[in-house]
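Single-structure report; data block below.
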Amino acid sequence: MTDAQKTAADTTLRAAGDSPPDPRPAPVPLLEPREGIPPVTATDDALAEVVAAFAAGTGPVAVDAERASGYRYGQRAYLVQLRREGAGSVLIDPVGCPDLSALGEAIGDAEWVLHAATQDLPCLRDIGMVPTRLFDTELAGRLAGFARVGLGAMVENVLGFALEKGHSAVDWSTRPLPEPWLRYAALDVELLVDLRDALEEELTQQGKLEWARQEFAAIAAAPPPPPRKDPWRRTSGMHKVRRRRQMAVVRELWTARDQVAQRRDVSPGKVLGDAAIVEAALSLPPNSHALAGLPGFGHRMGRRQLEQWQAAVDRARSLPESELPQPGQPLNGPPPPRAWADKDPAAAARLSAARAAVTALAESLNLPQENLITPDTVRRLCWEPPAEPTQESVAEVLSGHGARPWQIEQVAPLLTEALLTDPN
């Protein structure tokens with residue numbers, strides 16, 4: 001009997017009602033983890049017991065992590081949940097146990113099952129947990145053609161169970177964590193392995209399992225992403241800022257805010273909103289009194305805070321022209337497609353043909369276009385095609401941009417044909 005079946009046997013199945021039966025059975029609400037809510041592991045001794053239990057367990061390991069996005073600075077994990085056959089479920093507090101490398105090593109040879117793995121892997125890596133093999137149930141759902149791939153939707157559509165998702169956006173840095181939150185966290189890994197098994201079967205039936213394995217291997221092997229260049233340029237509303245002096249104000253205020261947020265360990269948006277930064281950049285206030293009249297710098301802000309932000313504005317105002325930021329970041333790759341028709345009509349024709357071909361193939365394979373081949377890879381190929389477009393030369397270019405073998409096999413023939421498009 002699977003985890004899902006065992007849980008169903010111990011759970012209230014569905015609310016009573018007189019409505020006519022749905023052709024598809026109503027989802028079974030998951031109300032409690034089968035073994036109850038596990039205690040939070042927050043000491044070295046308790047962690048050692050967890051390590052031993054999971055090392056002795058068998059099969060894949062369901063892994064999840066909770067962050068405090070929107071509340072705390074950065075993306076560190078504030079709770080880690082795991083489940084494995086023979087070990088049950090555990091909840092680990094990374095504040096009390098900041099080094100989980102021993103646990104990572106204990107399950108290092110196992111396949112880790114995560115949902116949206118790329119979201120959790122960075123914070124898991126920071127505490128010493130790095131998988132060598134993984135199965136991403138969200139990505140598997142995309143490849144299998146599911147329209148909704150959130151964990152709740154996948155568990156409901158594939159396994160027939162309803163997960164309670166009311167605590168996904170809470171402040172997980174809260175201590176102690178309330179019992180309802182812990183129940184929610186434990187249930188998130190209760191059925192992950194069951195979901196993995198069902199999706200593997202579905203992918204096998206569709207002939208896509210090898211595709212998924214290649215995708216999972218690429219995620220597991222990917223290095224940590226490099227730091228963003230000029231992250232201040234991603235300030236919401238930045239498109240309104242046109243002049244270089246105004247851009248300098250955004251940069252100075254963004255940097256000052258980031259320093260305060262890091263020092264206080266709070267989300268930067270709680271220190272100063274993006275909209276306020278943009279307003280100050282557009283207005284270039286000459287003093288803190290003028291700054292106080294702008295949206296986002298109202299009466300609730302103290303004098304010292306206003307002076308702090310005004311000092312950042314003043315730094316930008318006093319910069320020489322040579323130190324002002326340039327209007328746009330240097331392009332790493334082709335220009336925006338909207339400019340192609342004027343810059344290179346032949347490239348625009350190639351891109352149009354390539355996009356149409358990729359769209360049609362993705363629809364026939366019942367998967368998202370971006371999972372078949374990334375739009376950026378298609379743009380780069382069409383902007384700078386090989387001198388002699390053959391399937392072999394196109395495949396080499398695609399591989400150089402990180403395309404997996406299964407993707408190359410699917411798209412190289414049609415992209416080769418698109419590169420030979422006559423713009424006339």
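If you're wondering about the labels, chains in the structure tokens are A, B, ... by order shown, residues count from 1 in each chain, ligands from 1 in order shown.
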Spatial neighbours of Ala256 of chain A, max dist 12 Å, only C-alpha atoms, sep filter under 4 positions, as a PyMOL selection string | chain A and resi 232+249-252+260-263+268+271-272+277+305+307-313+315-316
Please produce, as JSON lines, a per-residue contact table for segment 208-319 of chain A versus segment 56-72 of chain A (criterion: any atom at most 6 Å away, only C-alpha atoms considered), showing the nearest atom pair and its distance in Å to one decimal, sorted by chain then residue number.
{"residue": "A:Asp265", "atom": "CA", "partner": "A:Arg72", "partner_atom": "CA", "distance": 5.4}
{"residue": "A:Val266", "atom": "CA", "partner": "A:Arg72", "partner_atom": "CA", "distance": 3.9}
{"residue": "A:Ser267", "atom": "CA", "partner": "A:Arg72", "partner_atom": "CA", "distance": 4.6}
Counting only C-alpha atoms, what is within 7 Å of segment 395-406 of chain A, bar same-chain residues fewer than 5 positions away, as an MDAnalysis selection string?
-> chainID A and resid 211 214 377 412
Identify which of the residues A:Ser288, A:Thr421, A:Thr416, A:Thr374 lies closest to Pro345 of chain A, counting only C-alpha atoms when measuring atom-to-atom distances.
->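 Of the candidates, the smallest distance to Pro345 of chain A is held by A:Thr421.
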Can you tell me, as a ChimeraX atom specification, what residues are no more than 9 Å from segment 223-230 of chain A when counting only C-alpha atoms, ignoring any on the same chain fewer than 3 positions away?
-> /A:122,125,219-220,233-234,251,329
Just the selected residues (N, CA and C atoms), exported as a compact mmCIF listing (two decimals), in the first residue's frame, please.
# COMPACT_ATOMS: atom_id res chain seq x y z
N PRO A 122 19.13 26.51 -3.98
CA PRO A 122 20.09 27.49 -3.45
C PRO A 122 20.11 27.56 -1.93
N ARG A 125 21.64 24.36 -0.54
CA ARG A 125 23.09 24.37 -0.72
C ARG A 125 23.77 25.18 0.38
N ILE A 219 19.81 20.00 -13.94
CA ILE A 219 19.56 20.81 -12.74
C ILE A 219 20.53 20.43 -11.63
N ALA A 220 20.72 19.13 -11.42
CA ALA A 220 21.61 18.69 -10.35
C ALA A 220 23.05 19.10 -10.61
N ARG A 233 19.00 47.77 -11.40
CA ARG A 233 18.26 48.02 -12.64
C ARG A 233 16.94 47.25 -12.68
N ARG A 234 16.77 46.29 -11.78
CA ARG A 234 15.52 45.51 -11.75
C ARG A 234 14.48 46.14 -10.83
N ARG A 251 20.19 53.95 -8.24
CA ARG A 251 21.32 53.11 -7.82
C ARG A 251 21.72 53.40 -6.38
N GLN A 329 22.11 48.23 -19.91
CA GLN A 329 23.19 47.29 -19.70
C GLN A 329 23.76 46.84 -21.04
Output as JSON, numbers by chain all residues of segment 147-284 of chain A that backbone DSSP marks as helix (DSSP H, G or I).
-> {"A": [151, 152, 153, 154, 155, 156, 157, 158, 159, 179, 180, 181, 182, 183, 184, 185, 186, 187, 188, 189, 190, 192, 193, 194, 195, 196, 197, 198, 199, 200, 201, 202, 203, 204, 205, 206, 209, 210, 211, 212, 213, 214, 215, 216, 217, 218, 219, 220, 221, 231, 232, 233, 234, 238, 239, 240, 244, 245, 246, 247, 248, 249, 250, 251, 252, 253, 254, 255, 256, 257, 258, 259, 260, 261, 262, 263, 264, 268, 269, 270, 271, 274, 275, 276, 277, 278, 279, 280, 281, 282, 283]}
